[in-house]
Structure formats: structure tokens, C-alpha cells
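Quick look at my_file.tsv (TSV, C-alpha atoms):
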```
chain	number	residue	atom	x	y	z
F	8	MET	CA	0.00	0.00	0.00
F	9	SER	CA	1.50	3.37	-1.03
F	10	ALA	CA	0.90	6.91	0.08
F	11	ASP	CA	-1.17	7.54	-3.09
F	12	GLU	CA	-3.69	4.83	-2.21
F	13	PRO	CA	-6.71	5.45	0.01
F	14	GLY	CA	-6.17	4.81	3.69
F	15	ILE	CA	-2.69	6.29	4.08
F	16	ASP	CA	-2.13	10.02	4.43
F	17	VAL	CA	1.40	10.71	5.62
F	18	GLY	CA	0.23	14.16	6.67
F	19	GLU	CA	-1.78	12.57	9.49
F	20	TYR	CA	1.39	11.32	11.14
F	21	GLU	CA	3.40	13.57	13.43
F	22	ASP	CA	5.83	13.59	16.35
F	23	VAL	CA	9.01	11.65	17.01
F	24	TRP	CA	8.74	8.70	19.39
F	25	VAL	CA	11.51	7.06	21.37
F	26	PHE	CA	11.03	3.71	23.09
F	27	VAL	CA	12.39	3.73	26.65
F	28	GLU	CA	13.32	0.12	27.37
F	29	VAL	CA	13.09	-1.02	30.99
F	30	HIS	CA	13.93	-4.39	32.56
F	31	ASP	CA	13.51	-5.04	36.28
F	32	GLY	CA	13.34	-1.29	36.89
F	33	GLU	CA	16.57	-0.56	35.00
F	34	VAL	CA	16.50	1.63	31.90
F	35	MET	CA	18.72	0.50	29.03
F	36	PRO	CA	21.30	3.25	28.35
F	37	VAL	CA	20.49	3.35	24.63
F	38	SER	CA	17.08	4.79	25.52
F	39	TRP	CA	18.64	7.98	26.86
F	40	GLU	CA	21.05	8.10	23.94
F	41	LEU	CA	18.13	8.06	21.50
F	42	LEU	CA	16.18	10.62	23.49
F	43	ALA	CA	19.06	13.09	23.23
F	44	GLU	CA	19.47	12.54	19.49
F	45	ALA	CA	15.72	12.69	18.85
F	46	ARG	CA	15.61	16.05	20.62
F	47	GLU	CA	17.75	17.42	17.79
F	48	LEU	CA	15.42	15.91	15.18
F	49	THR	CA	12.37	17.58	16.68
F	50	GLU	CA	14.15	20.92	16.75
F	51	ASN	CA	14.34	20.60	12.96
F	52	THR	CA	10.82	19.28	12.41
F	53	GLY	CA	9.00	21.38	15.01
F	54	GLU	CA	7.23	18.26	16.31
F	55	ASN	CA	6.89	16.94	19.84
F	56	LEU	CA	9.34	14.46	21.30
F	57	VAL	CA	7.35	11.59	22.81
F	58	ALA	CA	8.86	8.86	24.97
F	59	LEU	CA	6.92	5.65	25.44
F	60	THR	CA	7.62	2.92	27.92
F	61	ILE	CA	6.10	-0.48	28.58
F	62	GLY	CA	6.49	-2.49	31.78
F	63	GLU	CA	5.54	-2.46	35.43
F	64	GLY	CA	6.14	0.25	38.06
F	65	LEU	CA	7.23	2.98	35.65
F	66	GLU	CA	6.52	6.19	37.58
F	67	THR	CA	10.15	7.19	38.12
F	68	VAL	CA	11.05	6.17	34.57
F	69	ALA	CA	8.43	8.55	33.16
F	70	ASP	CA	9.75	11.44	35.24
F	71	GLU	CA	13.30	10.80	34.15
F	72	ALA	CA	12.24	10.69	30.50
F	73	LEU	CA	10.73	14.16	30.94
F	74	ALA	CA	13.87	15.36	32.68
F	75	ARG	CA	15.94	14.10	29.75
F	76	GLY	CA	14.00	16.01	27.12
F	77	ALA	CA	10.67	14.33	26.34
F	78	ASP	CA	7.66	16.61	25.90
F	79	ARG	CA	5.28	13.77	26.66
F	80	VAL	CA	5.61	10.24	28.02
F	81	LEU	CA	3.19	7.45	27.12
F	82	VAL	CA	3.10	4.76	29.81
F	83	ALA	CA	1.68	1.24	29.49
F	84	ASP	CA	2.04	-0.09	33.02
F	85	ASP	CA	0.82	-3.59	33.81
F	86	PRO	CA	2.21	-6.86	35.29
F	87	VAL	CA	1.58	-8.58	31.94
F	88	PHE	CA	4.69	-6.86	30.59
F	89	GLU	CA	7.11	-8.22	33.21
F	90	PRO	CA	9.19	-10.16	32.38
F	91	TYR	CA	9.54	-9.24	28.74
F	92	ARG	CA	7.77	-11.29	26.09
F	93	ALA	CA	7.57	-10.33	22.44
F	94	ASP	CA	3.85	-10.89	21.91
F	95	PRO	CA	2.44	-8.61	24.66
F	96	TYR	CA	5.04	-5.92	23.90
F	97	GLY	CA	4.46	-6.10	20.17
F	98	GLU	CA	0.67	-5.97	20.43
F	99	GLN	CA	0.70	-3.07	22.89
F	100	PHE	CA	3.24	-1.09	20.88
F	101	ARG	CA	1.33	-1.66	17.66
F	102	ALA	CA	-1.93	-0.48	19.22
F	103	MET	CA	-0.29	2.73	20.42
F	104	VAL	CA	1.26	3.38	17.02
F	105	GLU	CA	-1.96	2.78	15.09
F	106	GLU	CA	-4.03	4.95	17.42
F	107	ARG	CA	-1.67	7.92	17.80
F	108	LYS	CA	0.13	7.87	14.42
F	109	PRO	CA	3.73	8.97	15.07
F	110	SER	CA	5.83	10.04	12.10
F	111	ILE	CA	9.12	8.57	13.38
F	112	VAL	CA	9.69	5.77	15.90
F	113	LEU	CA	13.18	5.06	17.24
F	114	ILE	CA	13.94	1.84	19.12
F	115	GLY	CA	17.23	0.73	20.65
F	116	GLY	CA	18.88	-2.11	18.75
F	117	THR	CA	19.00	-4.33	21.82
F	118	HIS	CA	17.89	-7.96	21.95
F	119	THR	CA	14.46	-6.72	23.03
F	120	GLY	CA	14.18	-3.97	20.44
F	121	ARG	CA	15.22	-6.19	17.56
F	122	ASP	CA	12.88	-8.89	18.80
F	123	PHE	CA	9.61	-6.98	18.76
F	124	ALA	CA	10.18	-4.12	16.26
F	125	GLY	CA	9.18	-6.30	13.33
F	126	ARG	CA	6.01	-7.35	15.13
F	127	VAL	CA	4.99	-3.69	15.01
F	128	ALA	CA	6.29	-2.68	11.60
F	129	VAL	CA	4.86	-5.51	9.49
F	130	PRO	CA	1.18	-5.41	10.54
F	131	ALA	CA	1.25	-1.60	10.74
F	132	HIS	CA	2.68	-1.38	7.19
F	133	ALA	CA	5.51	0.74	8.54
F	134	GLY	CA	8.99	1.13	7.13
F	135	LEU	CA	11.69	-0.35	9.38
F	136	THR	CA	15.45	0.10	9.04
F	137	ALA	CA	17.59	-2.10	11.28
F	138	ASP	CA	21.02	-1.56	12.85
F	139	VAL	CA	21.12	2.19	12.16
F	140	THR	CA	24.24	4.14	13.14
F	141	GLU	CA	23.31	7.66	11.96
F	142	ILE	CA	20.01	9.52	11.71
F	143	ASP	CA	18.89	12.84	10.28
F	144	VAL	CA	15.70	14.34	8.88
F	145	ASP	CA	15.15	16.47	5.78
F	146	ASP	CA	12.92	19.51	5.33
F	147	GLU	CA	9.93	17.28	4.48
F	148	GLY	CA	10.27	15.19	7.64
F	149	ILE	CA	11.76	12.18	5.84
F	150	LEU	CA	14.01	10.19	8.16
F	151	GLN	CA	17.51	9.63	6.80
F	152	ALA	CA	18.47	6.31	8.40
F	153	ARG	CA	22.04	5.27	7.69
F	154	ARG	CA	23.40	1.82	8.32
F	155	PRO	CA	26.38	-0.32	7.28
F	156	ALA	CA	25.86	-2.45	4.18
F	157	PHE	CA	27.85	-4.97	2.12
F	158	GLY	CA	29.79	-6.19	5.14
F	159	GLY	CA	30.45	-2.68	6.39
F	160	ASP	CA	32.16	-1.51	3.19
F	161	VAL	CA	29.55	1.21	2.56
F	162	LEU	CA	27.10	3.27	4.60
F	163	ALA	CA	23.64	3.12	3.04
F	164	THR	CA	20.97	5.78	3.57
F	165	ILE	CA	17.47	4.29	3.80
F	166	LEU	CA	14.40	6.43	3.12
F	167	CYS	CA	10.77	5.61	3.79
F	168	GLU	CA	8.78	8.09	1.70
F	169	GLU	CA	5.43	6.34	1.33
F	170	HIS	CA	4.78	4.56	4.63
F	171	ARG	CA	4.35	5.65	8.21
F	172	PRO	CA	5.60	5.50	10.81
F	173	GLN	CA	9.24	5.58	9.80
F	174	MET	CA	10.83	3.11	12.20
F	175	ALA	CA	14.46	2.34	12.99
F	176	THR	CA	16.36	0.22	15.46
F	177	ILE	CA	19.48	2.13	16.50
F	178	ARG	CA	22.75	0.54	17.48
F	179	PRO	CA	23.60	1.23	21.16
F	180	GLY	CA	26.58	3.46	21.84
F	181	VAL	CA	26.55	5.54	18.65
F	182	PHE	CA	25.02	8.61	20.33
F	183	GLU	CA	25.84	10.34	23.60
F	184	ALA	CA	23.15	10.60	26.27
F	185	ALA	CA	22.37	13.99	27.78
F	186	GLY	CA	22.06	14.40	31.52
F	187	PRO	CA	18.66	14.98	33.15
F	188	ASP	CA	17.33	18.46	33.92
F	189	PRO	CA	14.82	18.14	36.81
F	190	GLU	CA	13.25	21.49	35.95
F	191	ARG	CA	11.87	20.00	32.73
F	192	VAL	CA	9.62	17.54	34.57
F	193	ALA	CA	7.02	20.18	35.45
F	194	ASP	CA	6.74	21.25	31.80
F	195	GLY	CA	6.06	17.76	30.47
F	196	GLU	CA	3.08	15.44	30.43
F	197	VAL	CA	2.70	11.81	31.48
F	198	VAL	CA	-0.14	9.91	29.80
F	199	SER	CA	-1.28	6.49	31.01
F	200	VAL	CA	-2.47	4.56	27.96
F	201	ASP	CA	-4.99	1.73	27.87
F	202	VAL	CA	-3.39	-1.69	28.15
F	203	VAL	CA	-4.79	-3.73	25.27
F	204	VAL	CA	-3.31	-7.11	26.17
F	205	ASP	CA	-4.23	-9.58	28.88
F	206	GLU	CA	-2.36	-12.51	30.35
F	207	ALA	CA	-5.08	-14.83	29.10
F	208	ASP	CA	-4.39	-13.70	25.54
F	209	ALA	CA	-0.61	-14.18	25.70
F	210	ILE	CA	0.64	-17.00	23.49
F	211	SER	CA	3.91	-17.42	25.40
F	212	GLU	CA	4.88	-18.02	28.99
F	213	VAL	CA	8.25	-17.54	30.67
F	214	LEU	CA	9.07	-20.71	32.58
F	215	GLU	CA	12.66	-19.91	33.48
F	216	ARG	CA	15.21	-17.21	32.79
F	217	GLU	CA	18.95	-17.70	32.55
F	218	VAL	CA	21.29	-14.73	32.34
F	219	GLY	CA	24.55	-15.25	30.47
F	220	ASP	CA	27.90	-13.91	31.61
F	221	THR	CA	28.72	-11.97	28.44
F	222	ALA	CA	29.04	-8.31	29.36
F	223	ASP	CA	27.67	-5.49	27.23
F	224	VAL	CA	30.85	-3.89	25.89
F	225	THR	CA	28.90	-0.75	24.91
F	226	GLU	CA	28.71	0.14	28.60
F	227	ALA	CA	32.35	-0.60	29.47
F	228	GLU	CA	34.55	2.24	30.71
F	229	ARG	CA	37.73	0.40	29.70
F	230	ILE	CA	38.20	-2.09	26.86
F	231	VAL	CA	41.04	-4.28	25.65
F	232	ALA	CA	40.24	-5.35	22.09
F	233	VAL	CA	42.05	-8.06	20.17
F	234	GLY	CA	42.54	-8.65	16.47
F	235	ARG	CA	44.04	-11.20	14.12
F	236	GLY	CA	47.49	-10.48	15.53
F	237	ILE	CA	46.83	-12.49	18.69
F	238	GLU	CA	46.94	-15.65	16.55
F	239	GLY	CA	44.39	-17.38	18.75
F	240	ASP	CA	46.22	-16.82	22.04
F	241	LEU	CA	43.96	-14.67	24.23
F	242	GLY	CA	46.07	-15.12	27.36
F	243	PRO	CA	48.21	-11.94	27.26
F	244	ALA	CA	45.25	-9.70	26.34
F	245	ARG	CA	42.99	-11.28	28.97
F	246	ARG	CA	45.57	-10.74	31.71
F	247	LEU	CA	46.05	-7.12	30.60
F	248	ALA	CA	42.27	-6.62	30.64
F	249	ASP	CA	42.09	-8.04	34.16
F	250	ALA	CA	44.88	-5.73	35.31
F	251	LEU	CA	43.02	-2.74	33.87
F	252	ASP	CA	39.62	-3.93	35.14
F	253	ALA	CA	38.56	-3.78	31.49
F	254	GLU	CA	36.20	-5.75	29.28
F	255	LEU	CA	37.55	-7.89	26.44
F	256	ALA	CA	36.39	-7.02	22.92
F	257	ALA	CA	37.47	-7.98	19.42
F	258	SER	CA	37.68	-7.02	15.79
F	259	ARG	CA	35.66	-8.90	13.19
F	260	ALA	CA	38.73	-10.91	12.21
F	261	ALA	CA	39.12	-12.33	15.73
F	262	VAL	CA	35.40	-13.12	15.92
F	263	ASP	CA	35.38	-14.80	12.50
F	264	GLU	CA	38.25	-17.01	13.66
F	265	GLY	CA	36.12	-18.09	16.63
F	266	TRP	CA	38.52	-16.72	19.23
F	267	VAL	CA	36.02	-14.28	20.78
F	268	ASP	CA	32.23	-14.35	21.07
F	269	GLY	CA	30.38	-12.28	18.48
F	270	ALA	CA	28.63	-10.29	21.22
F	271	ARG	CA	32.00	-8.64	21.89
F	272	GLN	CA	32.70	-7.55	18.31
F	273	VAL	CA	33.42	-3.85	17.77
F	274	GLY	CA	33.01	-2.20	14.39
F	275	GLN	CA	30.50	-1.38	11.67
F	276	THR	CA	29.17	-4.93	11.69
F	277	GLY	CA	29.52	-5.24	15.46
F	278	LYS	CA	28.98	-2.77	18.27
F	279	THR	CA	29.85	0.87	18.72
F	280	VAL	CA	31.70	1.70	21.94
F	281	ARG	CA	32.91	4.89	23.61
F	282	PRO	CA	35.00	3.85	26.65
F	283	ASP	CA	37.36	6.13	28.53
F	284	LEU	CA	40.22	3.81	27.56
F	285	TYR	CA	40.48	1.58	24.46
F	286	VAL	CA	43.51	-0.67	24.06
F	287	ALA	CA	43.81	-2.22	20.58
F	288	VAL	CA	45.97	-5.35	20.68
F	289	GLY	CA	47.05	-6.85	17.36
F	290	ILE	CA	44.39	-4.91	15.43
F	291	SER	CA	45.42	-3.50	12.05
F	292	GLY	CA	42.88	-0.69	12.10
F	293	ALA	CA	40.59	-1.28	9.11
F	294	ILE	CA	38.03	1.49	8.72
F	295	GLN	CA	35.20	-0.94	9.53
F	296	HIS	CA	36.68	-1.48	12.99
F	297	VAL	CA	37.66	2.14	13.57
F	298	GLU	CA	34.05	3.24	12.94
F	299	GLY	CA	33.04	1.29	16.02
F	300	MET	CA	35.59	2.78	18.45
F	301	ASN	CA	36.59	6.21	17.14
F	302	LYS	CA	34.60	7.99	19.88
F	303	SER	CA	36.71	6.43	22.63
F	304	GLY	CA	38.45	8.70	25.12
F	305	THR	CA	42.09	7.54	25.06
F	306	VAL	CA	43.21	4.98	22.47
F	307	VAL	CA	46.35	2.88	22.93
F	308	ALA	CA	47.51	0.69	20.03
F	309	ILE	CA	49.90	-2.27	20.28
F	310	ASN	CA	51.10	-3.68	16.96
F	311	ASP	CA	54.37	-4.96	15.52
F	312	ASP	CA	53.71	-3.20	12.19
F	313	PRO	CA	54.74	0.48	12.44
F	314	ASN	CA	52.63	1.23	9.36
F	315	ALA	CA	49.40	-0.27	10.75
F	316	PRO	CA	46.49	2.15	10.17
F	317	ILE	CA	45.41	1.82	13.82
F	318	PHE	CA	48.29	4.13	14.83
F	319	GLU	CA	46.64	6.98	12.90
F	320	HIS	CA	43.72	6.77	15.32
F	321	ALA	CA	45.69	6.19	18.53
F	322	ASP	CA	46.70	8.67	21.21
F	323	TYR	CA	49.56	6.36	22.19
F	324	GLY	CA	51.20	3.72	20.01
F	325	ILE	CA	53.51	0.89	21.00
F	326	VAL	CA	55.37	-0.80	18.14
F	327	GLY	CA	56.34	-4.23	19.33
F	328	ASP	CA	55.46	-7.88	19.79
F	329	LEU	CA	52.16	-8.00	21.69
F	330	PHE	CA	53.26	-11.22	23.38
F	331	GLU	CA	56.04	-9.21	25.02
F	332	VAL	CA	54.33	-5.83	25.40
F	333	CYS	CA	51.12	-7.07	27.05
F	334	PRO	CA	52.88	-9.04	29.81
F	335	ALA	CA	55.22	-6.09	30.45
F	336	LEU	CA	52.29	-3.71	30.81
F	337	THR	CA	50.43	-6.17	33.02
F	338	GLU	CA	53.44	-6.52	35.32
F	339	ARG	CA	53.92	-2.76	35.46
F	340	LEU	CA	50.28	-2.30	36.51
F	341	ALA	CA	50.67	-5.02	39.14
F	342	ASP	CA	53.80	-3.30	40.53
F	343	GLU	CA	51.98	0.01	40.83
F	344	ARG	CA	49.09	-1.60	42.65
F	345	ARG	CA	51.44	-3.30	45.09
F	346	GLN	CA	53.07	0.04	45.82
F	347	GLU	CA	49.67	1.56	46.54
F	348	VAL	CA	48.91	-1.07	49.22
F	349	PRO	CA	50.34	-0.08	52.63
F	350	GLY	CA	53.02	-2.53	53.68
```
Would it be possible to restate this file's structure as C-alpha cells?
Amino acid sequence: MSADEPGIDVGEYEDVWVFVEVHDGEVMPVSWELLAEARELTENTGENLVALTIGEGLETVADEALARGADRVLVADDPVFEPYRADPYGEQFRAMVEERKPSIVLIGGTHTGRDFAGRVAVPAHAGLTADVTEIDVDDEGILQARRPAFGGDVLATILCEEHRPQMATIRPGVFEAAGPDPERVADGEVVSVDVVVDEADAISEVLEREVGDTADVTEAERIVAVGRGIEGDLGPARRLADALDAELAASRAAVDEGWVDGARQVGQTGKTVRPDLYVAVGISGAIQHVEGMNKSGTVVAINDDPNAPIFEHADYGIVGDLFEVCPALTERLADERRQEVPG
């Protein structure tokens, strides 16, 4: 169905929506990242910025969304939404979209967001772009959703001119969250929406939940990332990461070799990170990888090739054998810690 056919008038759709994802009372950081970026979109379109959240016990979440820039917060609060299941979330979200007709809907590209976004977009005849790393809007309110394509070799711009809403799942870590301003709360509005789902209608039931031990590298303050240069031996990098109290990450090459779990991949086809410290161990520095870590605070590169591109993006570079450099750094850190402990 196109915009020229009866039943769809893109002019009826307005406002920018951001999904605020909550689990067990904790807001996923990507929600605040999207809210800050969406604020800039609405300044260009002149529309309202609307946050919506689904879950149980969401009063403080709604207030924080207002403090972080939302003009209005839509709240679907009911025990049926905890713990998360795709069918209740998808049905509730779809009902809100079809009733209120937003022009743009932004969802964090988390496991949850990727799981239910399609359940909204397909039946609502919306356009959905996945794994977006850049967003903008033109003078006509058309969302410019950019995402890696062809294995990360190009950045494609996806437009949705004939369908509404324009939906996108956004990769966590690509935008910077703004801090809350408590004075904004009084100027905003919290709207409790009708819950359209019931436990009796749910087609799934959570019998047991198991939480894995793989950390979310997008939230790490310090990262030691490994590349093909480690030749399958993670030991030196792991010990350096432990000494720095850092998370282990990897380039695509190390993930493709099976040395590191894919959830820890950094780059255009992996995750975008912005830690205070990023140590690149045995990583050549291909542009696909650099795109995922170029917003890091301090970058340290360790590579035996003095011409490796990674040095162009590093604040500090160490040319040498990583199997010698990493243990030396680890020992130096251990010595400093021992000196800090009163004897």
C-alpha cells in the first residue's frame, strides 16, 4: 500500500517517538542516547518528542524521561509486561502506534528492540530500518536512516517516503546521552495509555530465565580489544584486561576465527563503543573497525607493524610484539598496585 492509495495520508502522522526500554526497573542506556538525538530531530521538524515505555512500576522512569528532554511520556504499566515477552510488547506497541500515528519511531537495537520491532512494523505497514548508526531528517520530515551495508564496506541511507511511521532500530553506543534536567519535569506530560493485552491472551509463557555472563561492551569504561594479531592466544590480552579492570572485545577478524564471542565484536558490523580507555591489541585498524571505536576517550595501540592504520587513530602507540608488550604492561600495573597497598 503506497501513500497515493486510500487509507494512508502521511500528513496525518506527526511527532518523534523514542522507546524507553526497561527491565527489572533498570532503563537500558540506549534509551537515553536516543532521546538526546531525537531532541535534535524535533528541533528541525517542530514536532513533539514523545517517549513511550512499557512495563511495570514505571513512575520514576516517566519522570526521568521528561527530565531528559521528552515533551510527553506514554506509559503502558501492567504486570503482563514483566518479564519481557515479544507478543504482549508487540501488540501493545502496535496499538499505540496505530491509534496515535507517530511520524518517526526510534527503538534501541538491543535484543528486546530487535525482537519486537518487526512485530509492530509488518502489521502496521511501517517502514523499518535495522542496525542504524546515523540519523537525520530532511525539510519534508523524511528520516535519513544510515546503516552499514555490504559487510560494512559502505554506509547506506534508507528512506521511507510512502509509509508511516518511519521506524528504525538504533545501534547502542553511537550517540551520547544527555544528563537529566529536573526542571523539565514540570513542563512535560505523562499519559497512562490503555493496556490492550491480557495474560489470558498471551501466546507465550516464561518458565525460566537464565542470564549469560557476556558483558555489554557498549557500557564498558575500559576495553582491551584483540585482532588477528593475537593468533588465537587470548592469554596476554585477557591478563592485561584483568589488570586494567577492562572488558575484552574484538575485531571482526578475531570473531570470524572463533577466538572471541560475536557479542564482543566492535566495528560497523559489530557494536559501537565509547570507553574512557580503548587498548587495541594486534588490530590492524581497518576502517570498519575504527568506525566502532573512534569515539573512545584515550586509544592505545599495540602492533608490531609500524605502518598499521590503527596508529593513525591512537593517542599512544607501541610498536612491538604484543606477546612481550602485554605481559610487560600487566606486570607494570601489578607493581603500581602493590606500591599503593600499605606494607
I'd like the neighbourhood of range 170-176 of chain F as a VMD selection string, where a residue qualifies if any of its atoms comes within 7 Å (using all atoms listed in the file), though same-chain residues fewer than 5 positions away should be ignored. chain F and resid 9 to 10 17 108 to 116 120 to 121 132 to 139 150
How would the residues just picked look written out with C-alpha atoms as a compact mmCIF listing (two decimals), in the frame of the given file?
```txt
# COMPACT_ATOMS: atom_id res chain seq x y z
CA SER F 9 1.50 3.37 -1.03
CA ALA F 10 0.90 6.91 0.08
CA VAL F 17 1.40 10.71 5.62
CA LYS F 108 0.13 7.87 14.42
CA PRO F 109 3.73 8.97 15.07
CA SER F 110 5.83 10.04 12.10
CA ILE F 111 9.12 8.57 13.38
CA VAL F 112 9.69 5.77 15.90
CA LEU F 113 13.18 5.06 17.24
CA ILE F 114 13.94 1.84 19.12
CA GLY F 115 17.23 0.73 20.65
CA GLY F 116 18.88 -2.11 18.75
CA GLY F 120 14.18 -3.97 20.44
CA ARG F 121 15.22 -6.19 17.56
CA HIS F 132 2.68 -1.38 7.19
CA ALA F 133 5.51 0.74 8.54
CA GLY F 134 8.99 1.13 7.13
CA LEU F 135 11.69 -0.35 9.38
CA THR F 136 15.45 0.10 9.04
CA ALA F 137 17.59 -2.10 11.28
CA ASP F 138 21.02 -1.56 12.85
CA VAL F 139 21.12 2.19 12.16
CA LEU F 150 14.01 10.19 8.16
```
Closest of F:Ala124, F:Glu168, F:Val197, F:Ala232 to Leu65 in chain F, counting all atoms listed in the file, is F:Val197
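Proximity to Trp39 in chain F was assessed for F:Leu166, F:Val286, F:Ile177, F:Ala315 counting all atoms listed in the file; the smallest distance is recorded for F:Ile177.
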Exercise: Met300 in chain F partners within 10 Å, only C-alpha atoms, chain neighbours under 2 positions left out, as a PyMOL selection string: chain F and resi 180-181+225+273-275+278-282+285+287+295-298+302-304+306+320
Write to file, as an mmCIF file, in the frame of the given file, the residues of the selection just made, with C-alpha atoms.
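For reference, result-v4.cif as written:
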```cif
data_model
loop_
_atom_site.group_PDB
_atom_site.id
_atom_site.type_symbol
_atom_site.label_atom_id
_atom_site.label_comp_id
_atom_site.auth_asym_id
_atom_site.auth_seq_id
_atom_site.Cartn_x
_atom_site.Cartn_y
_atom_site.Cartn_z
ATOM 1 C CA GLY F 180 26.580 3.460 21.840
ATOM 2 C CA VAL F 181 26.550 5.540 18.650
ATOM 3 C CA THR F 225 28.900 -0.750 24.910
ATOM 4 C CA VAL F 273 33.420 -3.850 17.770
ATOM 5 C CA GLY F 274 33.010 -2.200 14.390
ATOM 6 C CA GLN F 275 30.500 -1.380 11.670
ATOM 7 C CA LYS F 278 28.980 -2.770 18.270
ATOM 8 C CA THR F 279 29.850 0.870 18.720
ATOM 9 C CA VAL F 280 31.700 1.700 21.940
ATOM 10 C CA ARG F 281 32.910 4.890 23.610
ATOM 11 C CA PRO F 282 35.000 3.850 26.650
ATOM 12 C CA TYR F 285 40.480 1.580 24.460
ATOM 13 C CA ALA F 287 43.810 -2.220 20.580
ATOM 14 C CA GLN F 295 35.200 -0.940 9.530
ATOM 15 C CA HIS F 296 36.680 -1.480 12.990
ATOM 16 C CA VAL F 297 37.660 2.140 13.570
ATOM 17 C CA GLU F 298 34.050 3.240 12.940
ATOM 18 C CA LYS F 302 34.600 7.990 19.880
ATOM 19 C CA SER F 303 36.710 6.430 22.630
ATOM 20 C CA GLY F 304 38.450 8.700 25.120
ATOM 21 C CA VAL F 306 43.210 4.980 22.470
ATOM 22 C CA HIS F 320 43.720 6.770 15.320
#
```
Smallest atom-to-atom distance to Asp252 in chain F: which of F:Ala131, F:Ala341, F:His30, F:Thr164, using all atoms listed in the file?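 Distance minimum relative to Asp252 in chain F lands on F:Ala341.
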Can you work out the spacing between CA of Glu44 in chain F and CA of Glu71 in chain F in Å, to one decimal?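 These two atoms are separated by 16.0 Å.
CA of Arg46 in chain F to CA of Val34 in chain F spans 18.3 Å [interatomic distance, one decimal].
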Tell me which of F:Asp240, F:Glu206, F:Asp249, F:Asp188 sits closest to Thr337 in chain F, counting all atoms listed in the file.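 Nearest to Thr337 in chain F: F:Asp249.
Proximity ranking of F:Asp22, F:Asp145, F:Asp85, F:Asp328 relative to Asn55 in chain F places F:Asp22 first, based on all atoms listed in the file.
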Counting all atoms listed in the file, the option among F:Leu48, F:Ile290, F:Val82, F:Ala184 closest to Glu63 in chain F: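 Among F:Leu48, F:Ile290, F:Val82, F:Ala184, it is F:Val82 that comes nearest to Glu63 in chain F.
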Could you state the separation of CA of Ala45 in chain F and CA of Val87 in chain F in Å, given to one decimal place? 28.7 Å
Neighbour list for Asp31 in chain F as number ranges by chain, cut-off 10 Å, only C-alpha atoms, skip fewer than 5 positions in-chain: F: 62-64, 89-91
